[in-house]
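Peer 1: Sharing a structure below in C-alpha cells format, with a few things to ask.
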Amino acid sequence: MYLCIQKHNSLTNEYTKNHKTQRMIYPKNLEEKLGFDRIRQLLKEECISSLGQQWIDSISFSIDFQEIDLLTQQTNEFCKILQTQAENETFPSQHYLDVSSSLSKALIEGAFLTEAEFYDLKLSLGTIKACLRFFKKQSFELYPQLKALSDAIVFDERIVAHIELVIDERGNIRDNASFELRKIRGQIIEEQIYLRKRMEHFLKLAKSNGHTQEDTNPTVREGRLVLPIFAESKRQIKGVVHDESATGQTVYLEPSEIIELNNNIRDLQYQERREMLRILTDLTTKIRPEVANLKLAYHYLGQMDFIRAKAKFALKTDAIRPRFINRTLLDWQEARHPLLFLTFKTQDKQVVPLSITLNHEQRVLLISGPNAGGKSVTLKTVGLLQYMFQCGLLVPMREASTIGLFKDIFVDIGDEQSLENDLSTYSSHLNNMKYFLNLSDKTTLFLIDEFGTGTEPAMGGAIAEAILEELAHKKAYGVITTHYRNLKLFADKHEGLANAAMQFDSKNLEPLYQLEIGKPGSSFAFEIAKKIGLPQEVILKAQTYAGDKQVNFDHMLRELEIEKKHFETQNKSLKLKDEKLKQVTEEYQKLREYLDGEKKNIINQAKKEAEQLVKDANQKIEQTIRQIKENKAEKQATQQVRQELEQFKEAIKPEPITETPPEETEEKIEVIGGEITVGDRVRVKGQVAIGEVIQLKGKDAEIMIGDLKSTIKIKRLEKINHSKRAEKKVKTAMKGLNINDKMAKFSSNLDVRGKRGDEALVSLQEFMDDALLLGQQELKIIHGKGDGILRKLLREQLRQYKEVASLADEHVDQGGAGITVVTLR
C-alpha cells in the first residue's frame with residue numbers, strides 16, 4: 001500500500017510538472033473569478049482537523065476520467081453514510097489528529113515520544129481502528145470505493161494495546177506501566193504522607209507562637225514543601241527561606257527538621273522521571289518498525305476527513321453525482337450556483353435553476369438579454385460547476401443531468417486592466433482572446449462575459465464576430481454573454497452556434513433569471529430607461545439615433561416574447577382541460593363498469609327469483625290438483641281450493657308500472673314576419689330561444705328570454721307566433737342552464753382576427769352576452785392592428801353597452817393597439 005501511495009504521489013508530481021507546460025486552465029486566478037476559492041474555504045470549515053484541510057489545499061483540476069470518476073464516487077458513497085447512519089453505527093467524528101511530527105521523531109534511534117504525544121497517538125489510532133471497523137461491517141456493494149480504501153490499510157494493532165498499557169485515559173503514564181515505577185510511586189506517596197504530618201506539627205507551633213496567620217496552609221516552592229510565615233519571624237524558626245511574597249511581608253521557609261524528608265522525596269521523583277523515560281523510550285522502540293504503515297494509516301485518516309467534508313458540503317448544497325461520460329458534453333437540468341444557493345438559503349429564498357445543453361450540434365451558446373438579468377451568473381455557474389466536478393466534487397443539479405470532460409477551461413470575466421503592464425480593459429480582453437485563439441480546440445470550454453465591450457461598439461462588434469467565427473471553426477465549446485446585435489444574427493446563421501436569452505417580464509420590466517435556448521434576447525434598454533424615469537424626449541432621441549433597424553429588431557424580439565407567453569398560457573389551459581377530460585372519462589368508465597356490474601347482478605337475482613317463483617307456482621298447482629282429487633271434486637271444497645289458488649296468483653302478480661305520459665307533440669313555431677314592436681314574441685335567427693320584446697332602442701331591441709334580459713340588433717331577430725307551450729319550454733330550458741359549466745368554459749379573451757365585420761359583430765354580441773351573464777370585470781378583444789377599421793367598428797358597438805365602463809389599448813409590450821381592453825361596471 002505504501003508503495004502504491006508513493007507511486008501515486010510520483011504520478012501526481014509528474015502530472016503537476018507537465019501541467020506547468022500544458023494549457024489547461026486560464027487565467028491563473030481562474031478560481032477567484034469563478035468563486036472556487038470560496039468553495040475551498042467552505043470545505044475547510046467542514047473538516048475536523050488539519051489532516052483534512054491539507055487535502056483541501058491539494059485539490060486541483062483533473063482531466064483524468066478515471067480519477068474524477070473515483071473521487072466523485074467516494075464522495076457520493078460518503079453522502080449515503082451521512083444520510084443513513086444509525087445511532088449505533090455513526091461514522092467516527094473525533095480525534096482526527098495530525099501526529100506526523102511524532103512519527104518522524106519516532107524514527108530516530110534513541111528518541112522517545114512524550115506522554116502527550118503518545119496520548120494523541122492513542123486517541124487517533126482509536127479513530128482509525130473505528131473507521132476500519134465501520135467499513136469491515138459493510139458489504140462491498142454498498143460502499144465499494146471507500147471499502148477498498150479501508151481494506152488497503154494494514155498496521156500492527158498490538159501497538160494500540162502497548163500504548164493502552166502505558167498511557168491512561170488522562171494522558172499520563174500508568175502506575176503499573178512497570179514494577180519499578182509502581183514501587184517508586186508507592187515510596188513517594190509514603191514519604192509525602194509522613195512529610196505532611198511533620199509539616200502540620202510545625203504549622204501548629206508557628207500558629208501558637210504567632211509566627212503565621214490562622215488560615216495559613218503549607219505550600220510548595222521549587223518542588224519542596226514549605227511554611228508561609230511572617231517575615232519578622234523568619235529568624236525565630238530554624239530553616240531555609242526559599243521565596244517571599246510580592247509585598248515582602250511573608251516568607252516561605254523550609255524547617256530544618258524536614259529538609260531531609262524533602263530531599264528524599266526529590267530523589268524519588270528523579271528516580272520516577274528516569275523510569276518514565278525508560279518506559280517511553282521502550283514504547284517508542286516498539287512502534288518504530290510500524291512507522292511506515294502508521295503514516296499510511298494517518299494518510300487514510302486525513303483522506304476520510306477530506307471525503308467527509310466534501311460529502312457534508314454536497315448535502316448542504318443539494319449536490320449529486322450526475323451521469324459522467326468521457327467526452328465533451330453538457331446536458332444539465334436545474335443546475336444551481338452553490339454559493340448563491342447557500343446565500344439564498346439563509347434568506348429563505350429560492351435560486352432559479354439553470355438548464356443548459358452544449359453538444360456537438362450546439363457547441364457555443366450566445367446569451368443576450370437585459371443587464372442584471374442573470375447572464376453573468378449563468379456564465380459563472382457553468383464554469384464553476386464544471387470546474388468543481390473535475391476537482392472531484394459533487395454538483396447541485398438534477399440526477400437526470402449528464403456532465404462531460406473538458407481538457408481546458410478558459411475564462412474572460414471581469415476587468416483585467418494593469419497599470420504595471422500598461423494594459424487597458426479592452427487590451428486585456430484582446431490578450432485573453434489571443435490565448436483562446438491560439439490554444440482552443442474541440443476539448444476546450446471557454447467562457448466570455450460581455451463579449452466585445454470596452455471599445456467603440458461598431459469596431460468591437462466586428463472584432464468579436466471575427467473571433468467568434470474562429471472559435472466556432474476550432475469546434476471549441478463555450479458560453480458567451482453579449483448585447484451586440486451582429487453577434488446574435490451571426491449565431492442564428494452558423495452551424496454549431498445557438499442563441500439564448502435570459503427571460504424578462506416585459507410588462508413589469510423585471511428579470512425572471514430563466515435561460516431560454518433558441519432565440520436571442522432584447523436588452524429592453526428603452527423600456528428600462530422609461531421605467532427609471534428618463535425624460536421622454538431623451539428616449540425618443542435615443543431611438544432616433546439608434547435607427548429603425550435596431551429598434552425594429554428589439555421590437556420583433558419583444559413581440560416574439562409576447563406571442564410565446566400567449567401560446568404558453570393557451571397550452572397550459574389546454575393541458576388542464578385535457579386532464580379534466582381524462583378525469584371525467586375515467587369516472588364515466590368506472591361508473592359504466594359499476595352499472596354494468598349492477599345490471600348483471602339484478603338480472604341474475606331476477607332470474608333466480610323467477611326460477612323460484614315458477615317452482616313455487618308449480619308446487620301450488622300440483623297441491624291444488626291433489627286436494628281436488630282427494631276431495632273427489634266436492635263443490636264446496638273445490639271452490640275453496642280454487643279461491644286459494646287465485647289468492648296465490650294475485651300475490652305473485654307484478655306491481656303495475658306508472659308510465660310517464662308522453663310529452664306533448666312539439667308545436668311548430670311559425671315565423672310571421674312584419675315590424676317588430678314592444679310585446680312581440682321573437683327569437684334570434686338560427687336559434688330556438690324565444691323572448692318577448694320589452695323595449696326598442698333605435699336599431700336595438702331589449703328582450704326578455706326567460707329570466708335573462710339581453711340587448712340584440714333588431715335585424716338579428718324574427719317575429720314568431722305566440723305559444724305558451726313553446727314559451728314554457730324555453731323557460732324550462734333556461735332553468736336548466738348550467739352556470740358553473742358556462743363559467744368553466746368561458747374565456748375572457750375574444751379573438752376575431754381574420755373575420756369580416758358582420759361576423760365579428762355577431763361573435764362580439766354572443767361574447768358580451770355571456771360575459772354580462774357571468775359577471776366578468778375585464779375583457780380583451782383581439783382584433784389586430786391593420787388599418788384600424790375592425791377596431792373602430794367593434795369599439796362603436798361596445799360603446800352602446802351601458803355596462804361598459806371604459807375601452808383602452810393593451811400595454812405596448814402585450815399587443816398595444818391590436819387588443820382592446822374592456823372594463824365592465
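Ordering of the C-alpha cells sets the chain letters (A, B, ...); residue numbers start at 1 within each chain; ligands are numbered from 1 in the order shown.
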Taking the backbone alone, and naming residues the way the document does, which bits of stretch 435-509 of chain A are alpha helix (DSSP H) by DSSP, as a ChimeraX atom specification?
Peer 2: /A:435-439,457-473,485-493
Peer 1: Quick one: residues within 10 Å of A:Phe324, only C-alpha atoms counted, chain neighbours fewer than 4 positions away excluded, as a list in words?
Peer 2: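 My list of contacting residues is Phe65, Ile68, Asp69, Thr72, Leu329, Leu330, Phe389, Ser401, Thr402, Ile403, Gly404 and Leu405 of chain A.
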Peer 1: Contacts of A:Tyr477 at 6 Å or less, counting only C-alpha atoms, minus same-chain residues fewer than 6 places along, as a compact mmCIF listing (two decimals) with N, CA and C atoms, in the first residue's frame?
Peer 2:
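Output saved as out18.txt:
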```txt
# COMPACT_ATOMS: atom_id res chain seq x y z
N ARG A 363 -22.48 23.81 -29.90
CA ARG A 363 -21.25 23.90 -29.13
C ARG A 363 -21.12 25.23 -28.39
N VAL A 364 -21.56 26.31 -29.02
CA VAL A 364 -21.40 27.64 -28.43
C VAL A 364 -22.77 28.27 -28.23
N THR A 444 -11.94 22.11 -25.46
CA THR A 444 -11.86 23.33 -24.65
C THR A 444 -13.26 23.83 -24.31
N LEU A 445 -13.41 24.31 -23.08
CA LEU A 445 -14.62 25.02 -22.66
C LEU A 445 -14.19 26.45 -22.35
```
Peer 1: Measuring between only C-alpha atoms, which one of A:Thr677, A:Ser50, A:Thr114, A:Gln640 shows the shortest distance to A:Arg273?
Peer 2: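 Smallest distance to A:Arg273 is found for A:Thr114.
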Peer 1: Do you know which residues are at most 10 Å from A:Leu142 counting only C-alpha atoms, after dropping those on the same chain fewer than 6 positions away, and could you put them as a list in words?
Peer 2: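 Listing them by chain and then by number gives Glu77, Lys80, Ile81 and Phe135 of chain A.
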